[in-house]
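Remarks on the structure that follows.
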Amino acid sequence: MGFLTNIISAAVKTALTPVAVAKDALDVALGNEAENTKELLESAAKDAERAADTALGENNDGVL
């Protein structure tokens, strides 16, 4: 994925965080592990990191 794709992906994942928090609350209420928010934010951070690497020329992902 390119710079813009990674930035958009990170923004969308961050915007979906409240949904993941609600899902985690439901999981805890049902006695399950709450991992959705953590996984979503880790994925968003990884996308943002890839976008920064692309912007700094550390990989060849391109603009899109």
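Within each chain, counting starts at residue 1; across the structure tokens, chains are named A, B, ... in the order shown, with ligands numbered 1 upward in that order.
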Do you know which residues are at most 12 Å from A:Arg50 counting only C-alpha atoms, after dropping those on the same chain fewer than 2 positions away, and could you put them as a compact mmCIF listing (two decimals) with all heavy atoms, in the first residue's frame?
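In the end it all went to out.txt:
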```
# COMPACT_ATOMS: atom_id res chain seq x y z
N MET A 1 0.84 -1.18 0.00
CA MET A 1 0.00 0.00 0.00
C MET A 1 0.89 1.24 0.00
O MET A 1 1.96 1.24 0.57
CB MET A 1 -0.89 0.02 1.23
CG MET A 1 -1.94 -1.09 1.27
SD MET A 1 -3.21 -0.90 2.53
CE MET A 1 -2.26 -1.01 4.02
N GLY A 2 0.37 2.28 -0.58
CA GLY A 2 1.12 3.52 -0.66
C GLY A 2 0.82 4.45 0.50
O GLY A 2 0.07 4.13 1.42
N PHE A 3 1.42 5.61 0.43
CA PHE A 3 1.31 6.60 1.51
C PHE A 3 -0.13 6.98 1.81
O PHE A 3 -0.59 6.88 2.94
CB PHE A 3 2.12 7.85 1.13
CG PHE A 3 1.97 8.97 2.10
CD1 PHE A 3 2.61 8.92 3.32
CD2 PHE A 3 1.17 10.07 1.82
CE1 PHE A 3 2.47 9.95 4.24
CE2 PHE A 3 1.03 11.10 2.72
CZ PHE A 3 1.69 11.04 3.94
N LEU A 4 -0.87 7.41 0.78
CA LEU A 4 -2.25 7.84 1.01
C LEU A 4 -3.14 6.70 1.50
O LEU A 4 -3.98 6.89 2.38
CB LEU A 4 -2.84 8.45 -0.27
CG LEU A 4 -2.25 9.78 -0.70
CD1 LEU A 4 -2.85 10.23 -2.01
CD2 LEU A 4 -2.45 10.83 0.37
N THR A 5 -2.94 5.54 0.94
CA THR A 5 -3.73 4.37 1.35
C THR A 5 -3.49 4.06 2.82
O THR A 5 -4.43 3.77 3.57
CB THR A 5 -3.37 3.14 0.49
OG1 THR A 5 -3.53 3.49 -0.88
CG2 THR A 5 -4.25 1.96 0.81
N ASN A 6 -2.24 4.12 3.25
CA ASN A 6 -1.91 3.85 4.65
C ASN A 6 -2.49 4.91 5.59
O ASN A 6 -2.99 4.59 6.66
CB ASN A 6 -0.40 3.74 4.85
CG ASN A 6 0.15 2.43 4.35
OD1 ASN A 6 -0.46 1.39 4.53
ND2 ASN A 6 1.29 2.48 3.70
N ILE A 7 -2.41 6.17 5.19
CA ILE A 7 -2.96 7.25 6.02
C ILE A 7 -4.48 7.10 6.14
O ILE A 7 -5.04 7.22 7.24
CB ILE A 7 -2.60 8.63 5.43
CG1 ILE A 7 -1.11 8.91 5.61
CG2 ILE A 7 -3.42 9.73 6.04
CD1 ILE A 7 -0.68 9.09 7.07
N ILE A 8 -5.15 6.84 5.03
CA ILE A 8 -6.60 6.68 5.06
C ILE A 8 -6.99 5.46 5.90
O ILE A 8 -7.92 5.52 6.71
CB ILE A 8 -7.17 6.58 3.63
CG1 ILE A 8 -7.01 7.94 2.93
CG2 ILE A 8 -8.62 6.14 3.64
CD1 ILE A 8 -7.27 7.90 1.45
N SER A 9 -6.26 4.38 5.74
CA SER A 9 -6.53 3.16 6.51
C SER A 9 -6.38 3.42 8.01
O SER A 9 -7.22 3.01 8.81
CB SER A 9 -5.59 2.05 6.06
OG SER A 9 -5.77 0.90 6.84
N ALA A 10 -5.32 4.11 8.40
CA ALA A 10 -5.10 4.42 9.81
C ALA A 10 -6.21 5.31 10.35
O ALA A 10 -6.69 5.12 11.48
CB ALA A 10 -3.74 5.09 10.00
N SER A 43 -3.08 -2.13 14.56
CA SER A 43 -3.12 -2.12 13.10
C SER A 43 -3.06 -0.70 12.56
O SER A 43 -2.37 -0.42 11.58
CB SER A 43 -4.38 -2.84 12.62
OG SER A 43 -4.44 -2.84 11.22
N ALA A 44 -3.78 0.22 13.20
CA ALA A 44 -3.76 1.63 12.77
C ALA A 44 -2.36 2.21 12.94
O ALA A 44 -1.87 2.95 12.07
CB ALA A 44 -4.77 2.44 13.57
N ALA A 45 -1.70 1.88 14.04
CA ALA A 45 -0.34 2.37 14.28
C ALA A 45 0.63 1.82 13.24
O ALA A 45 1.51 2.54 12.75
CB ALA A 45 0.12 1.99 15.68
N LYS A 46 0.45 0.56 12.87
CA LYS A 46 1.32 -0.04 11.86
C LYS A 46 1.11 0.64 10.50
O LYS A 46 2.08 0.90 9.79
CB LYS A 46 1.02 -1.53 11.74
CG LYS A 46 2.03 -2.29 10.90
CD LYS A 46 1.74 -3.78 10.90
CE LYS A 46 2.09 -4.34 12.27
NZ LYS A 46 1.97 -5.81 12.31
N ASP A 47 -0.15 0.95 10.16
CA ASP A 47 -0.43 1.66 8.90
C ASP A 47 0.20 3.05 8.91
O ASP A 47 0.78 3.49 7.91
CB ASP A 47 -1.92 1.77 8.66
CG ASP A 47 -2.56 0.45 8.29
OD1 ASP A 47 -1.83 -0.51 7.97
OD2 ASP A 47 -3.81 0.37 8.33
N ALA A 48 0.09 3.75 10.03
CA ALA A 48 0.68 5.09 10.13
C ALA A 48 2.21 5.00 10.04
O ALA A 48 2.85 5.86 9.41
CB ALA A 48 0.26 5.75 11.44
N ALA A 52 4.58 6.78 7.23
CA ALA A 52 5.74 7.62 7.56
C ALA A 52 6.99 7.10 6.86
O ALA A 52 7.80 7.89 6.35
CB ALA A 52 5.95 7.66 9.07
N ASP A 53 7.17 5.78 6.83
CA ASP A 53 8.31 5.20 6.14
C ASP A 53 8.29 5.55 4.66
O ASP A 53 9.33 5.87 4.07
CB ASP A 53 8.33 3.67 6.30
CG ASP A 53 8.73 3.23 7.70
OD1 ASP A 53 9.23 4.07 8.48
OD2 ASP A 53 8.53 2.04 8.01
N THR A 54 7.12 5.52 4.06
CA THR A 54 6.98 5.87 2.65
C THR A 54 7.32 7.35 2.44
O THR A 54 8.04 7.70 1.51
CB THR A 54 5.56 5.57 2.14
OG1 THR A 54 5.29 4.18 2.32
CG2 THR A 54 5.42 5.92 0.68
N ALA A 55 6.81 8.21 3.32
CA ALA A 55 7.05 9.65 3.21
C ALA A 55 8.54 9.97 3.36
O ALA A 55 9.06 10.89 2.71
CB ALA A 55 6.25 10.42 4.24
N LEU A 56 9.23 9.19 4.17
CA LEU A 56 10.66 9.43 4.40
C LEU A 56 11.55 8.69 3.40
O LEU A 56 12.76 8.75 3.49
CB LEU A 56 11.04 9.02 5.83
CG LEU A 56 10.37 9.86 6.92
CD1 LEU A 56 10.69 9.28 8.29
CD2 LEU A 56 10.81 11.30 6.84
N GLY A 57 10.92 7.94 2.49
CA GLY A 57 11.67 7.25 1.45
C GLY A 57 12.31 5.95 1.91
O GLY A 57 13.24 5.46 1.28
N GLU A 58 11.85 5.39 3.01
CA GLU A 58 12.46 4.16 3.52
C GLU A 58 11.91 2.91 2.84
O GLU A 58 12.41 1.81 3.06
CB GLU A 58 12.26 4.07 5.03
CG GLU A 58 13.02 5.15 5.77
CD GLU A 58 12.86 5.06 7.28
OE1 GLU A 58 12.38 4.04 7.77
OE2 GLU A 58 13.23 6.03 7.94
N ASN A 59 10.87 3.05 2.05
CA ASN A 59 10.37 1.92 1.25
C ASN A 59 9.88 2.48 -0.08
O ASN A 59 9.84 3.68 -0.30
CB ASN A 59 9.26 1.14 2.00
CG ASN A 59 8.07 1.99 2.36
OD1 ASN A 59 7.71 2.91 1.64
ND2 ASN A 59 7.44 1.69 3.47
N ASN A 60 9.50 1.62 -0.98
CA ASN A 60 9.09 2.05 -2.32
C ASN A 60 7.62 1.79 -2.55
O ASN A 60 7.23 1.31 -3.62
CB ASN A 60 9.93 1.30 -3.37
CG ASN A 60 11.38 1.68 -3.31
OD1 ASN A 60 11.70 2.83 -3.10
ND2 ASN A 60 12.26 0.70 -3.49
N ASP A 61 6.76 2.14 -1.59
CA ASP A 61 5.33 1.88 -1.73
C ASP A 61 4.64 2.87 -2.67
O ASP A 61 3.57 2.60 -3.17
CB ASP A 61 4.65 1.93 -0.37
CG ASP A 61 4.95 0.72 0.48
OD1 ASP A 61 5.48 -0.28 -0.08
OD2 ASP A 61 4.68 0.75 1.69
N GLY A 62 5.21 4.01 -2.89
CA GLY A 62 4.60 5.01 -3.77
C GLY A 62 3.55 5.84 -3.06
O GLY A 62 3.32 5.72 -1.86
N VAL A 63 2.89 6.71 -3.81
CA VAL A 63 1.90 7.62 -3.24
C VAL A 63 0.59 6.90 -2.93
O VAL A 63 0.00 7.09 -1.90
CB VAL A 63 1.63 8.80 -4.18
CG1 VAL A 63 0.52 9.68 -3.67
CG2 VAL A 63 2.90 9.61 -4.36
```
Could you give me, as a ChimeraX atom specification, the residues within 12 Å of A:Glu39, counting only C-alpha atoms and dropping anything in the same chain fewer than 6 positions from it? /A:13-14,16-17,20-21,24,45-46
Identify, on the basis of only C-alpha atoms, every residue whose closest approach to A:Pro18 does not exceed 12 Å; exclude the query and any residue fewer than 5 positions from it along the same chain; express the result as number ranges by chain. A: 12-13, 23-25, 36-38, 40-41
DSSP on the backbone: what in chain A comes out helix (DSSP H, G or I), as an MDAnalysis selection string? chainID A and resid 3:15 17:29 36:55
